[in-house]
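Here is upload.txt, consisting of compact mmCIF, N, CA and C atoms:
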```txt
# COMPACT_ATOMS: atom_id res chain seq x y z
N TYR Q 1 0.80 -1.20 0.00
CA TYR Q 1 0.00 0.00 0.00
C TYR Q 1 0.85 1.27 0.00
N GLU Q 2 2.08 1.13 0.49
CA GLU Q 2 2.94 2.30 0.56
C GLU Q 2 3.23 2.85 -0.83
N GLN Q 3 3.36 1.95 -1.84
CA GLN Q 3 3.56 2.42 -3.21
C GLN Q 3 2.39 3.27 -3.68
N LEU Q 4 1.19 2.79 -3.43
CA LEU Q 4 0.00 3.53 -3.85
C LEU Q 4 -0.10 4.86 -3.12
N LYS Q 5 0.18 4.85 -1.83
CA LYS Q 5 0.14 6.09 -1.06
C LYS Q 5 1.18 7.07 -1.60
N GLY Q 6 2.37 6.55 -1.91
CA GLY Q 6 3.44 7.39 -2.45
C GLY Q 6 3.10 8.00 -3.79
N LEU Q 7 2.27 7.30 -4.55
CA LEU Q 7 1.83 7.82 -5.85
C LEU Q 7 0.68 8.81 -5.71
N GLY Q 8 0.22 8.99 -4.48
CA GLY Q 8 -0.84 9.96 -4.23
C GLY Q 8 -2.24 9.40 -4.31
N ALA Q 9 -2.37 8.06 -4.28
CA ALA Q 9 -3.71 7.46 -4.34
C ALA Q 9 -4.51 7.85 -3.11
N SER Q 10 -5.72 8.25 -3.32
CA SER Q 10 -6.61 8.63 -2.22
C SER Q 10 -7.70 7.57 -2.13
N LEU Q 11 -7.47 6.59 -1.27
CA LEU Q 11 -8.38 5.45 -1.17
C LEU Q 11 -8.87 5.31 0.26
N ASP Q 12 -9.89 4.50 0.43
CA ASP Q 12 -10.42 4.21 1.76
C ASP Q 12 -9.57 3.09 2.36
N TRP Q 13 -8.48 3.46 3.04
CA TRP Q 13 -7.52 2.48 3.55
C TRP Q 13 -8.12 1.60 4.64
N GLU Q 14 -9.24 1.99 5.22
CA GLU Q 14 -9.90 1.18 6.24
C GLU Q 14 -10.52 -0.08 5.63
N ARG Q 15 -10.72 -0.08 4.31
CA ARG Q 15 -11.37 -1.21 3.64
C ARG Q 15 -10.37 -2.09 2.90
N GLU Q 16 -9.07 -1.90 3.14
CA GLU Q 16 -8.07 -2.72 2.46
C GLU Q 16 -8.28 -4.19 2.83
N ALA Q 17 -7.94 -5.09 1.90
CA ALA Q 17 -8.15 -6.51 2.16
C ALA Q 17 -7.11 -7.33 1.40
N PHE Q 18 -6.69 -8.40 2.02
CA PHE Q 18 -5.82 -9.38 1.37
C PHE Q 18 -6.70 -10.31 0.56
N THR Q 19 -6.31 -10.56 -0.68
CA THR Q 19 -7.19 -11.32 -1.58
C THR Q 19 -7.49 -12.74 -1.11
N MET Q 20 -6.61 -13.32 -0.30
CA MET Q 20 -6.86 -14.68 0.15
C MET Q 20 -7.36 -14.73 1.60
N SER Q 21 -7.81 -13.60 2.13
CA SER Q 21 -8.40 -13.60 3.47
C SER Q 21 -9.73 -14.33 3.40
N PRO Q 22 -10.20 -14.88 4.51
CA PRO Q 22 -11.48 -15.60 4.49
C PRO Q 22 -12.63 -14.76 3.90
N ARG Q 23 -12.57 -13.45 4.12
CA ARG Q 23 -13.64 -12.57 3.64
C ARG Q 23 -13.65 -12.47 2.11
N CYS Q 24 -12.49 -12.65 1.47
CA CYS Q 24 -12.39 -12.41 0.02
C CYS Q 24 -12.10 -13.65 -0.82
N CYS Q 25 -11.57 -14.71 -0.24
CA CYS Q 25 -11.02 -15.79 -1.06
C CYS Q 25 -12.04 -16.49 -1.95
N GLU Q 26 -13.29 -16.62 -1.52
CA GLU Q 26 -14.29 -17.27 -2.36
C GLU Q 26 -14.56 -16.45 -3.62
N ALA Q 27 -14.65 -15.14 -3.47
CA ALA Q 27 -14.87 -14.26 -4.63
C ALA Q 27 -13.65 -14.26 -5.55
N VAL Q 28 -12.46 -14.28 -4.97
CA VAL Q 28 -11.24 -14.30 -5.77
C VAL Q 28 -11.16 -15.61 -6.55
N GLN Q 29 -11.44 -16.72 -5.90
CA GLN Q 29 -11.42 -18.02 -6.57
C GLN Q 29 -12.44 -18.06 -7.72
N GLU Q 30 -13.64 -17.57 -7.47
CA GLU Q 30 -14.67 -17.52 -8.51
C GLU Q 30 -14.21 -16.67 -9.69
N ALA Q 31 -13.61 -15.52 -9.41
CA ALA Q 31 -13.13 -14.64 -10.48
C ALA Q 31 -12.07 -15.34 -11.32
N PHE Q 32 -11.11 -16.01 -10.67
CA PHE Q 32 -10.06 -16.70 -11.41
C PHE Q 32 -10.62 -17.83 -12.27
N ILE Q 33 -11.59 -18.56 -11.73
CA ILE Q 33 -12.21 -19.64 -12.52
C ILE Q 33 -12.91 -19.06 -13.75
N ARG Q 34 -13.66 -17.98 -13.56
CA ARG Q 34 -14.34 -17.35 -14.70
C ARG Q 34 -13.34 -16.82 -15.73
N PHE Q 35 -12.31 -16.14 -15.27
CA PHE Q 35 -11.28 -15.61 -16.18
C PHE Q 35 -10.64 -16.75 -16.97
N HIS Q 36 -10.38 -17.88 -16.31
CA HIS Q 36 -9.78 -19.03 -16.99
C HIS Q 36 -10.73 -19.61 -18.03
N GLU Q 37 -11.98 -19.78 -17.65
CA GLU Q 37 -12.98 -20.34 -18.57
C GLU Q 37 -13.19 -19.43 -19.78
N GLU Q 38 -13.04 -18.12 -19.60
CA GLU Q 38 -13.21 -17.16 -20.69
C GLU Q 38 -11.92 -16.94 -21.49
N GLY Q 39 -10.86 -17.68 -21.12
CA GLY Q 39 -9.60 -17.56 -21.83
C GLY Q 39 -8.83 -16.27 -21.55
N LEU Q 40 -9.20 -15.57 -20.47
CA LEU Q 40 -8.53 -14.31 -20.14
C LEU Q 40 -7.23 -14.52 -19.39
N ILE Q 41 -7.11 -15.66 -18.70
CA ILE Q 41 -5.87 -16.02 -18.03
C ILE Q 41 -5.60 -17.49 -18.30
N SER Q 42 -4.36 -17.90 -18.13
CA SER Q 42 -4.03 -19.31 -18.31
C SER Q 42 -3.18 -19.77 -17.15
N ARG Q 43 -3.12 -21.05 -17.00
CA ARG Q 43 -2.30 -21.66 -15.94
C ARG Q 43 -1.11 -22.30 -16.61
N ASP Q 44 0.06 -22.13 -16.01
CA ASP Q 44 1.27 -22.66 -16.62
C ASP Q 44 2.26 -22.98 -15.52
N SER Q 45 3.24 -23.76 -15.85
CA SER Q 45 4.30 -24.05 -14.88
C SER Q 45 5.55 -23.29 -15.31
N ARG Q 46 5.57 -22.01 -14.98
CA ARG Q 46 6.71 -21.15 -15.28
C ARG Q 46 7.14 -20.45 -14.00
N LEU Q 47 8.37 -19.99 -14.02
CA LEU Q 47 8.87 -19.24 -12.88
C LEU Q 47 8.32 -17.83 -12.88
N VAL Q 48 8.12 -17.29 -11.70
CA VAL Q 48 7.75 -15.89 -11.55
C VAL Q 48 9.01 -15.14 -11.16
N ASN Q 49 9.28 -14.05 -11.83
CA ASN Q 49 10.45 -13.24 -11.52
C ASN Q 49 10.12 -12.33 -10.35
N TRP Q 50 10.53 -12.74 -9.15
CA TRP Q 50 10.21 -11.99 -7.95
C TRP Q 50 11.41 -11.18 -7.51
N SER Q 51 11.19 -9.91 -7.24
CA SER Q 51 12.24 -9.03 -6.74
C SER Q 51 12.04 -8.82 -5.25
N CYS Q 52 13.00 -9.30 -4.44
CA CYS Q 52 12.92 -9.10 -2.99
C CYS Q 52 13.07 -7.63 -2.65
N HIS Q 53 13.83 -6.91 -3.45
CA HIS Q 53 14.03 -5.47 -3.21
C HIS Q 53 12.75 -4.69 -3.49
N LEU Q 54 12.11 -4.97 -4.63
CA LEU Q 54 10.88 -4.27 -4.99
C LEU Q 54 9.65 -4.85 -4.29
N LYS Q 55 9.79 -6.07 -3.78
CA LYS Q 55 8.66 -6.80 -3.18
C LYS Q 55 7.52 -6.92 -4.18
N SER Q 56 7.88 -7.32 -5.40
CA SER Q 56 6.90 -7.42 -6.48
C SER Q 56 7.42 -8.34 -7.56
N ALA Q 57 6.50 -8.87 -8.34
CA ALA Q 57 6.90 -9.62 -9.53
C ALA Q 57 7.32 -8.61 -10.59
N ILE Q 58 8.30 -8.99 -11.40
CA ILE Q 58 8.76 -8.09 -12.46
C ILE Q 58 8.69 -8.80 -13.80
N ALA Q 59 8.56 -8.02 -14.85
CA ALA Q 59 8.38 -8.55 -16.20
C ALA Q 59 9.65 -9.24 -16.69
N GLU Q 60 9.48 -10.20 -17.55
CA GLU Q 60 10.59 -10.96 -18.14
C GLU Q 60 11.63 -10.02 -18.76
N ILE Q 61 11.20 -8.95 -19.40
CA ILE Q 61 12.10 -8.02 -20.07
C ILE Q 61 12.99 -7.27 -19.07
N GLU Q 62 12.59 -7.23 -17.79
CA GLU Q 62 13.35 -6.52 -16.77
C GLU Q 62 14.40 -7.40 -16.09
N VAL Q 63 14.50 -8.66 -16.49
CA VAL Q 63 15.38 -9.61 -15.83
C VAL Q 63 16.64 -9.84 -16.66
N ASP Q 64 17.79 -9.71 -16.00
CA ASP Q 64 19.06 -10.07 -16.63
C ASP Q 64 19.40 -11.48 -16.16
N LYS Q 65 19.27 -12.45 -17.06
CA LYS Q 65 19.53 -13.84 -16.68
C LYS Q 65 21.03 -14.10 -16.79
N VAL Q 66 21.56 -14.72 -15.76
CA VAL Q 66 22.98 -15.06 -15.72
C VAL Q 66 23.10 -16.51 -15.29
N GLU Q 67 23.73 -17.33 -16.11
CA GLU Q 67 23.96 -18.73 -15.77
C GLU Q 67 25.21 -18.79 -14.89
N ILE Q 68 25.06 -19.36 -13.70
CA ILE Q 68 26.23 -19.48 -12.82
C ILE Q 68 26.45 -20.93 -12.47
N ARG Q 69 27.69 -21.25 -12.25
CA ARG Q 69 28.06 -22.60 -11.84
C ARG Q 69 28.77 -22.48 -10.50
N GLY Q 70 28.10 -22.90 -9.46
CA GLY Q 70 28.70 -22.83 -8.13
C GLY Q 70 28.53 -21.47 -7.48
N LYS Q 71 29.20 -21.32 -6.36
CA LYS Q 71 29.08 -20.14 -5.52
C LYS Q 71 29.68 -18.90 -6.19
N LYS Q 72 28.91 -17.79 -6.18
CA LYS Q 72 29.37 -16.54 -6.76
C LYS Q 72 28.68 -15.38 -6.06
N GLU Q 73 29.42 -14.28 -5.88
CA GLU Q 73 28.85 -13.10 -5.23
C GLU Q 73 28.44 -12.07 -6.27
N PHE Q 74 27.26 -11.46 -6.05
CA PHE Q 74 26.71 -10.46 -6.96
C PHE Q 74 26.33 -9.21 -6.18
N ALA Q 75 26.51 -8.05 -6.82
CA ALA Q 75 25.97 -6.81 -6.27
C ALA Q 75 24.50 -6.76 -6.67
N VAL Q 76 23.63 -6.55 -5.68
CA VAL Q 76 22.19 -6.54 -5.92
C VAL Q 76 21.64 -5.19 -5.45
N PRO Q 77 20.86 -4.52 -6.30
CA PRO Q 77 20.27 -3.24 -5.89
C PRO Q 77 19.50 -3.37 -4.58
N GLY Q 78 19.70 -2.41 -3.69
CA GLY Q 78 19.00 -2.41 -2.42
C GLY Q 78 19.75 -3.09 -1.29
N TYR Q 79 20.89 -3.71 -1.59
CA TYR Q 79 21.68 -4.36 -0.57
C TYR Q 79 23.03 -3.65 -0.44
N ASP Q 80 23.49 -3.48 0.80
CA ASP Q 80 24.77 -2.81 1.04
C ASP Q 80 25.96 -3.70 0.71
N ARG Q 81 25.75 -4.99 0.78
CA ARG Q 81 26.86 -5.92 0.52
C ARG Q 81 26.49 -6.85 -0.63
N LYS Q 82 27.49 -7.55 -1.14
CA LYS Q 82 27.22 -8.50 -2.22
C LYS Q 82 26.46 -9.70 -1.66
N ILE Q 83 25.64 -10.29 -2.51
CA ILE Q 83 24.82 -11.44 -2.15
C ILE Q 83 25.43 -12.70 -2.77
N THR Q 84 25.57 -13.74 -1.97
CA THR Q 84 26.11 -15.00 -2.46
C THR Q 84 25.00 -15.83 -3.09
N LEU Q 85 25.21 -16.24 -4.33
CA LEU Q 85 24.25 -17.08 -5.06
C LEU Q 85 24.94 -18.39 -5.46
N GLY Q 86 24.14 -19.35 -5.89
CA GLY Q 86 24.68 -20.62 -6.35
C GLY Q 86 25.00 -21.59 -5.24
N VAL Q 87 24.36 -21.42 -4.09
CA VAL Q 87 24.60 -22.29 -2.95
C VAL Q 87 23.29 -22.95 -2.56
N ILE Q 88 23.32 -24.25 -2.35
CA ILE Q 88 22.13 -24.95 -1.88
C ILE Q 88 22.26 -25.15 -0.38
N SER Q 89 21.27 -24.68 0.36
CA SER Q 89 21.24 -24.82 1.81
C SER Q 89 20.19 -25.86 2.18
N SER Q 90 20.48 -26.65 3.18
CA SER Q 90 19.53 -27.65 3.67
C SER Q 90 19.18 -27.35 5.12
N PHE Q 91 17.94 -27.59 5.47
CA PHE Q 91 17.50 -27.45 6.85
C PHE Q 91 16.35 -28.42 7.06
N ALA Q 92 16.06 -28.71 8.32
CA ALA Q 92 15.04 -29.71 8.63
C ALA Q 92 13.84 -29.07 9.33
N TYR Q 93 12.66 -29.51 8.95
CA TYR Q 93 11.43 -29.14 9.63
C TYR Q 93 11.00 -30.33 10.48
N LYS Q 94 10.57 -30.06 11.70
CA LYS Q 94 10.01 -31.10 12.55
C LYS Q 94 8.62 -31.46 12.03
N ILE Q 95 8.31 -32.74 12.01
CA ILE Q 95 6.98 -33.19 11.60
C ILE Q 95 6.10 -33.22 12.85
N ASP Q 96 5.06 -32.41 12.83
CA ASP Q 96 4.19 -32.23 13.99
C ASP Q 96 3.65 -33.56 14.49
N GLY Q 97 3.75 -33.76 15.77
CA GLY Q 97 3.18 -34.96 16.40
C GLY Q 97 4.06 -36.18 16.32
N THR Q 98 5.26 -36.04 15.76
CA THR Q 98 6.19 -37.17 15.66
C THR Q 98 7.57 -36.69 16.08
N GLY Q 99 8.49 -37.61 16.19
CA GLY Q 99 9.88 -37.25 16.47
C GLY Q 99 10.67 -37.12 15.18
N GLU Q 100 9.95 -37.18 14.06
CA GLU Q 100 10.63 -37.17 12.76
C GLU Q 100 10.80 -35.75 12.23
N GLU Q 101 11.60 -35.66 11.18
CA GLU Q 101 11.79 -34.39 10.50
C GLU Q 101 11.95 -34.63 9.01
N ILE Q 102 11.72 -33.59 8.24
CA ILE Q 102 11.88 -33.65 6.80
C ILE Q 102 12.91 -32.59 6.40
N VAL Q 103 13.90 -33.01 5.61
CA VAL Q 103 14.96 -32.10 5.20
C VAL Q 103 14.56 -31.46 3.87
N VAL Q 104 14.72 -30.14 3.81
CA VAL Q 104 14.39 -29.36 2.63
C VAL Q 104 15.67 -28.69 2.15
N ALA Q 105 15.92 -28.74 0.84
CA ALA Q 105 17.08 -28.08 0.24
C ALA Q 105 16.58 -26.96 -0.67
N THR Q 106 17.25 -25.80 -0.61
CA THR Q 106 16.80 -24.65 -1.40
C THR Q 106 17.97 -23.72 -1.69
N THR Q 107 17.82 -22.95 -2.73
CA THR Q 107 18.78 -21.89 -3.02
C THR Q 107 18.31 -20.57 -2.42
N ARG Q 108 17.13 -20.57 -1.82
CA ARG Q 108 16.56 -19.35 -1.22
C ARG Q 108 16.16 -19.61 0.23
N PRO Q 109 17.13 -19.80 1.14
CA PRO Q 109 16.78 -20.12 2.53
C PRO Q 109 15.99 -19.01 3.22
N GLU Q 110 16.07 -17.78 2.71
CA GLU Q 110 15.33 -16.69 3.35
C GLU Q 110 13.82 -16.89 3.25
N THR Q 111 13.38 -17.74 2.32
CA THR Q 111 11.94 -17.98 2.18
C THR Q 111 11.39 -18.91 3.24
N MET Q 112 12.27 -19.59 3.97
CA MET Q 112 11.79 -20.57 4.96
C MET Q 112 10.91 -19.94 6.04
N LEU Q 113 11.13 -18.66 6.32
CA LEU Q 113 10.33 -18.01 7.36
C LEU Q 113 8.87 -17.84 6.94
N GLY Q 114 8.60 -17.93 5.65
CA GLY Q 114 7.22 -17.82 5.18
C GLY Q 114 6.58 -19.16 4.88
N ASP Q 115 7.33 -20.25 5.06
CA ASP Q 115 6.79 -21.58 4.76
C ASP Q 115 5.68 -21.95 5.73
N VAL Q 116 4.61 -22.50 5.20
CA VAL Q 116 3.51 -22.97 6.05
C VAL Q 116 3.21 -24.45 5.83
N ALA Q 117 3.82 -25.03 4.79
CA ALA Q 117 3.60 -26.45 4.51
C ALA Q 117 4.73 -26.95 3.62
N VAL Q 118 4.90 -28.26 3.61
CA VAL Q 118 5.87 -28.90 2.73
C VAL Q 118 5.12 -29.97 1.96
N ALA Q 119 5.26 -29.97 0.65
CA ALA Q 119 4.61 -30.98 -0.18
C ALA Q 119 5.66 -32.00 -0.64
N VAL Q 120 5.28 -33.25 -0.62
CA VAL Q 120 6.15 -34.31 -1.12
C VAL Q 120 5.38 -35.11 -2.16
N HIS Q 121 6.12 -35.74 -3.05
CA HIS Q 121 5.48 -36.56 -4.08
C HIS Q 121 4.76 -37.73 -3.42
N PRO Q 122 3.51 -37.99 -3.81
CA PRO Q 122 2.74 -39.06 -3.14
C PRO Q 122 3.35 -40.45 -3.31
N ASP Q 123 4.20 -40.66 -4.32
CA ASP Q 123 4.82 -41.97 -4.53
C ASP Q 123 6.17 -42.11 -3.84
N ASP Q 124 6.62 -41.08 -3.13
CA ASP Q 124 7.91 -41.11 -2.45
C ASP Q 124 7.77 -41.98 -1.21
N THR Q 125 8.42 -43.15 -1.21
CA THR Q 125 8.28 -44.13 -0.13
C THR Q 125 8.86 -43.66 1.19
N ARG Q 126 9.71 -42.63 1.16
CA ARG Q 126 10.28 -42.12 2.41
C ARG Q 126 9.22 -41.48 3.31
N TYR Q 127 8.08 -41.09 2.74
CA TYR Q 127 7.08 -40.35 3.50
C TYR Q 127 5.74 -41.06 3.54
N LYS Q 128 5.75 -42.35 3.58
CA LYS Q 128 4.51 -43.14 3.67
C LYS Q 128 4.12 -43.32 5.11
```
Show me, as structure tokens, the structure contained in the file I just sent.
Amino acid sequence: YEQLKGLGASLDWEREAFTMSPRCCEAVQEAFIRFHEEGLISRDSRLVNWSCHLKSAIAEIEVDKVEIRGKKEFAVPGYDRKITLGVISSFAYKIDGTGEEIVVATTRPETMLGDVAVAVHPDDTRYK
């Protein structure tokens, strides 16, 4: 909302809502289904270009793709120091109600703080 406020938008900020809140999610789901049925949107398995600095998705044309092999440091806008990329980090989540844990590997460990669930392939015998 800060972007909109900064642009001078004059809105009723008391009525702001998150699209997936219980109050809105049924209407949002209905809208997406209708848009899909009308061919206005499509579903695909592609990456979204997310900018942590902008806190927004950015267009493909705004992305400089760089193929890296292994650990490398990059200067990233909005950060005072270089960011290390090309590293896979592993960490374990405790499985609720058991003494077990599940290990997750990622190149973006900062996202773990927003994790609310872990999905595994239904045919993976390790999690039966």
Exercise: Thr19 (chain Q) partners within 8 Å, only N, CA and C atoms, chain neighbours under 5 positions left out, as a PyMOL selection string: chain Q and resi 24-29
Those same residues, written as a PDB file, in the coordinates of the input with N, CA and C atoms?
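Saved to result_33.pdb:
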```
ATOM      1  N   CYS Q  24     -12.490 -12.650   1.470  1.00  0.00           N
ATOM      2  CA  CYS Q  24     -12.390 -12.410   0.020  1.00  0.00           C
ATOM      3  C   CYS Q  24     -12.100 -13.650  -0.820  1.00  0.00           C
ATOM      4  N   CYS Q  25     -11.570 -14.710  -0.240  1.00  0.00           N
ATOM      5  CA  CYS Q  25     -11.020 -15.790  -1.060  1.00  0.00           C
ATOM      6  C   CYS Q  25     -12.040 -16.490  -1.950  1.00  0.00           C
ATOM      7  N   GLU Q  26     -13.290 -16.620  -1.520  1.00  0.00           N
ATOM      8  CA  GLU Q  26     -14.290 -17.270  -2.360  1.00  0.00           C
ATOM      9  C   GLU Q  26     -14.560 -16.450  -3.620  1.00  0.00           C
ATOM     10  N   ALA Q  27     -14.650 -15.140  -3.470  1.00  0.00           N
ATOM     11  CA  ALA Q  27     -14.870 -14.260  -4.630  1.00  0.00           C
ATOM     12  C   ALA Q  27     -13.650 -14.260  -5.550  1.00  0.00           C
ATOM     13  N   VAL Q  28     -12.460 -14.280  -4.970  1.00  0.00           N
ATOM     14  CA  VAL Q  28     -11.240 -14.300  -5.770  1.00  0.00           C
ATOM     15  C   VAL Q  28     -11.160 -15.610  -6.550  1.00  0.00           C
ATOM     16  N   GLN Q  29     -11.440 -16.720  -5.900  1.00  0.00           N
ATOM     17  CA  GLN Q  29     -11.420 -18.020  -6.570  1.00  0.00           C
ATOM     18  C   GLN Q  29     -12.440 -18.060  -7.720  1.00  0.00           C
TER      19      GLN Q  29
END
```
Neighbour residues at most 7 Å from (16.9, -29.1, 5.1) (only N, CA and C atoms) as a ChimeraX atom specification: /Q:89-93,102-106
Pairwise distance for atom C of Lys72 (chain Q) and atom C of Gly86 (chain Q), rounded to one decimal in Å: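 Pair atom C of Lys72 (chain Q) / atom C of Gly86 (chain Q) returns 7.3 Å.
Across the model, the gap from CA of Lys5 (chain Q) to CA of Asp115 (chain Q) is 29.0 Å.
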Point-to-point distance in Å for CA of Asp124 (chain Q) and CA of Thr98 (chain Q):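 Separation of CA of Thr98 (chain Q) and CA of Asp124 (chain Q): 18.6 Å.
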DSSP helix (DSSP H, G or I) residues within chain Q, as number ranges by chain: Q: 2-6, 13-15, 25-37, 60-62, 109-114, 125-127
Which of chain Q DSSP labels strand (DSSP E), written as a PyMOL selection string: chain Q and resi 50-51+56-57+72-74+83-85+89-94+101-106
